[in-house]
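So the structure is just underneath, and the comments pick up after that.
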Amino acid sequence: AGAADADSYASVADAKAHWDATGFAYVDYTDTQIEQALRRAARWIDGRFRSRFPGERTNGRTQALEWPRSSVKDADGNDVASDAIPREIRDATAEAARRELAGITLSPDVTLAETIKRERVGPLETEYAGASSVDANRPTITVVEDILSALFPAGGATKFVMRA
C-alpha cells in the first residue's frame with residue numbers, strides 16, 4: 001500500500017465481492033474492462049475528494065494515490081490504519097467503477113464557453129446561464145459520498161473532551 005506505481009484502490013476481486021453484495025451484475029464485463037474502470041474510478045475519487053481526506057499521505061509525494069494516509073480518525077473517532085486502504089475507499093472505488101462501466105464518464109472532457117447572459121428582442125427577454133464550470137459537468141454519485149462520509153470528520157467540528 002502506498003506504492004509509487006499504484007493505480008487503483010480496489011482489485012477486480014474486491015469490486016466483484018462488493019458488487020455481489022449489492023446486486024450489480026457484472027458478467028457482461030471482462031476483468032480487463034473492470035480493471036480499467038477501477039483505475040479511472042481511483043483517479044476520480046482522488047481528484048474529487050482529495051481536499052476532504054483527513055490526515056496526510058503515509059509515504060508523502062512518493063505514493064501515487066491519496067491512500068493510505070496517516071493521522072486519520074474516522075467519523076466516530078476511531079484510528080484508521082496508516083498502512084492499508086480502508087474498506088470505504090475500496091467500496092467507493094467499486095461504486096464509481098460501476099458507473100464508468102455503465103457509460104457514465106466520471107471525468108468528461110469539457111469545453112467551457114461563455115454564453116449570452118441576457119438577450120432582448122422586442123418585448124421578449126431571455127436569460128441564459130453564464131460559463132459552465134468543470135465541476136458542473138462531473139457527476140455527483142451520492143452512494144460514493146455516503147460511503148466515504150465514514151472517513152470524514154462529522155461536520156468538520158472539533159470534539160472537546162471534558163474532564164470531571
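By convention in this document, the chains of the C-alpha cells carry letters A, B, ... by their order, each chain's residues are numbered from 1, and ligands are numbered from 1 in the order they are shown.
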
Subject >> Backbone-only DSSP, helix (DSSP H, G or I) members of chain A, as a PyMOL selection string >> reply: chain A and resi 12-22+31-52+60-62+87-101+135-137+142-151+154-156

With the cut-off set at 9 Å and counting only C-alpha atoms, tabulate each residue of region 20-59 of chain A with an atom at most that distance from an atom of region 80-89 of chain A, showing the nearest atom pair and its distance in Å to one decimal, ordered by chain and increasing number, as a tab-separated table.
```
residue	atom	partner	partner_atom	distance
A:Ala42	CA	A:Ile89	CA	8.9
A:Ile45	CA	A:Ile89	CA	8.6
A:Arg57	CA	A:Ser82	CA	8.6
A:Thr58	CA	A:Ser82	CA	6.3
```

Keeping only C-alpha atoms, write those residues as a PDB file, in the first residue's frame.
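The result, stored in again.pdb:
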```
ATOM      1  CA  ALA A  42      -9.459   5.825  -8.314  1.00  0.00           C
ATOM      2  CA  ILE A  45     -12.013   9.719  -6.207  1.00  0.00           C
ATOM      3  CA  ARG A  57      -0.304  10.502   2.618  1.00  0.00           C
ATOM      4  CA  THR A  58       1.600   7.841   4.534  1.00  0.00           C
TER       5      THR A  58
END
```

Subject >> Nearby residues (only C-alpha atoms) at most 9 Å from region 62-79 of chain A, same-chain spacing under 3 positions excluded, as a ChimeraX atom specification >> reply: /A:1-9,42-43,46,50,53-59,82-86,89,149-154

The selected residues should be written to file as a compact mmCIF listing (two decimals), in the first residue's frame (atoms: N, CA and C atoms).
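To be explicit, this is the file written out as part.txt:
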```
# COMPACT_ATOMS: atom_id res chain seq x y z
N ALA A 1 0.84 -1.20 0.00
CA ALA A 1 0.00 0.00 0.00
C ALA A 1 0.87 1.24 0.00
N GLY A 2 0.45 2.22 -0.74
CA GLY A 2 1.20 3.47 -0.80
C GLY A 2 2.35 3.44 -1.78
N ALA A 3 2.28 2.55 -2.77
CA ALA A 3 3.36 2.40 -3.74
C ALA A 3 3.37 3.54 -4.75
N ALA A 4 4.55 3.78 -5.29
CA ALA A 4 4.72 4.84 -6.29
C ALA A 4 4.02 4.51 -7.60
N ASP A 5 3.75 3.23 -7.85
CA ASP A 5 3.12 2.84 -9.11
C ASP A 5 1.67 2.36 -8.93
N ALA A 6 1.08 2.58 -7.77
CA ALA A 6 -0.31 2.17 -7.54
C ALA A 6 -1.24 2.95 -8.47
N ASP A 7 -2.27 2.27 -8.97
CA ASP A 7 -3.19 2.97 -9.87
C ASP A 7 -4.66 2.65 -9.58
N SER A 8 -4.91 1.89 -8.52
CA SER A 8 -6.29 1.62 -8.13
C SER A 8 -6.34 1.31 -6.65
N TYR A 9 -7.50 1.55 -6.06
CA TYR A 9 -7.72 1.24 -4.66
C TYR A 9 -8.32 -0.14 -4.46
N ALA A 42 -10.43 5.38 -9.32
CA ALA A 42 -9.46 5.83 -8.31
C ALA A 42 -8.99 7.25 -8.61
N ARG A 43 -8.72 7.55 -9.87
CA ARG A 43 -8.31 8.93 -10.24
C ARG A 43 -9.42 9.92 -9.92
N ASP A 46 -9.69 10.45 -6.08
CA ASP A 46 -8.62 11.32 -5.61
C ASP A 46 -8.87 12.77 -6.00
N ARG A 50 -9.86 14.67 -2.65
CA ARG A 50 -8.54 14.95 -2.09
C ARG A 50 -8.56 16.01 -1.00
N PHE A 53 -10.08 14.60 2.32
CA PHE A 53 -9.48 13.48 3.03
C PHE A 53 -8.70 13.98 4.24
N PRO A 54 -8.91 13.36 5.39
CA PRO A 54 -8.16 13.77 6.59
C PRO A 54 -6.73 13.21 6.55
N GLY A 55 -5.89 13.73 7.42
CA GLY A 55 -4.53 13.23 7.55
C GLY A 55 -3.67 13.60 6.36
N GLU A 56 -2.60 12.83 6.17
CA GLU A 56 -1.70 13.05 5.05
C GLU A 56 -1.25 11.71 4.49
N ARG A 57 -0.77 11.73 3.25
CA ARG A 57 -0.30 10.50 2.62
C ARG A 57 0.77 9.86 3.50
N THR A 58 0.65 8.56 3.70
CA THR A 58 1.60 7.84 4.53
C THR A 58 3.03 7.96 4.00
N ASN A 59 3.20 7.87 2.69
CA ASN A 59 4.53 7.94 2.08
C ASN A 59 4.76 9.24 1.33
N SER A 82 -2.69 3.21 9.00
CA SER A 82 -1.91 4.02 8.06
C SER A 82 -1.18 3.17 7.02
N ASP A 83 -1.37 1.87 7.06
CA ASP A 83 -0.67 1.00 6.11
C ASP A 83 -1.62 0.19 5.24
N ALA A 84 -2.87 0.60 5.18
CA ALA A 84 -3.86 -0.15 4.39
C ALA A 84 -4.87 0.79 3.76
N ILE A 85 -5.55 0.28 2.76
CA ILE A 85 -6.62 1.05 2.11
C ILE A 85 -7.91 0.71 2.85
N PRO A 86 -8.60 1.71 3.42
CA PRO A 86 -9.84 1.42 4.16
C PRO A 86 -10.91 0.79 3.26
N ILE A 89 -12.86 3.16 1.07
CA ILE A 89 -12.21 3.60 -0.17
C ILE A 89 -12.36 2.53 -1.24
N SER A 149 -18.33 9.18 3.63
CA SER A 149 -18.63 10.04 4.78
C SER A 149 -18.13 9.45 6.09
N ALA A 150 -17.97 8.13 6.13
CA ALA A 150 -17.46 7.49 7.35
C ALA A 150 -16.01 7.86 7.63
N LEU A 151 -15.31 8.38 6.61
CA LEU A 151 -13.91 8.77 6.79
C LEU A 151 -13.74 10.27 7.02
N PHE A 152 -14.82 11.02 6.90
CA PHE A 152 -14.73 12.46 7.09
C PHE A 152 -15.19 12.84 8.49
N PRO A 153 -14.47 13.73 9.14
CA PRO A 153 -14.93 14.17 10.47
C PRO A 153 -16.34 14.73 10.36
N ALA A 154 -17.19 14.37 11.30
CA ALA A 154 -18.59 14.81 11.29
C ALA A 154 -18.67 16.32 11.29
```

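In this model, the gap between CA of Glu100 (chain A) and CA of Tyr29 (chain A) comes to 11.5 Å.
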
Original post:
Out of chain A, which residues get strand (DSSP E or B) from DSSP, as a PyMOL selection string?
Top reply: chain A and resi 56-57+69-70+73+79+118-121+124-127

Subject >> Exercise: region 103-107 of chain A partners within 7 Å, only C-alpha atoms, chain neighbours under 6 positions left out, as a PyMOL selection string >> reply: chain A and resi 44+138-139

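Relative to CA of Ala92 (chain A), CA of Val144 (chain A) is found at 5.0 Å.
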
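A straight line drawn from CA of Arg90 (chain A) to CA of Val27 (chain A) is 19.9 Å long.
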
**OP:** Name the closest residue to Ala94 (chain A) among the candidates A:Glu35, A:Asp28, A:Glu125, A:Asp109; distances are taken between atoms, counting only C-alpha atoms.
**Re:**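 With only C-alpha atoms as the atom set, the closest residue is A:Glu35.
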
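Non-sequential neighbours of Thr22 (chain A) (distance at most 12 Å, separation of 2 or more positions within a chain, only C-alpha atoms) are Ala15, Lys16, Ala17, His18, Trp19, Asp20, Phe24, Ala25, Tyr26, Asp91, Ala94, Glu95, Arg98 and Val143 of chain A.
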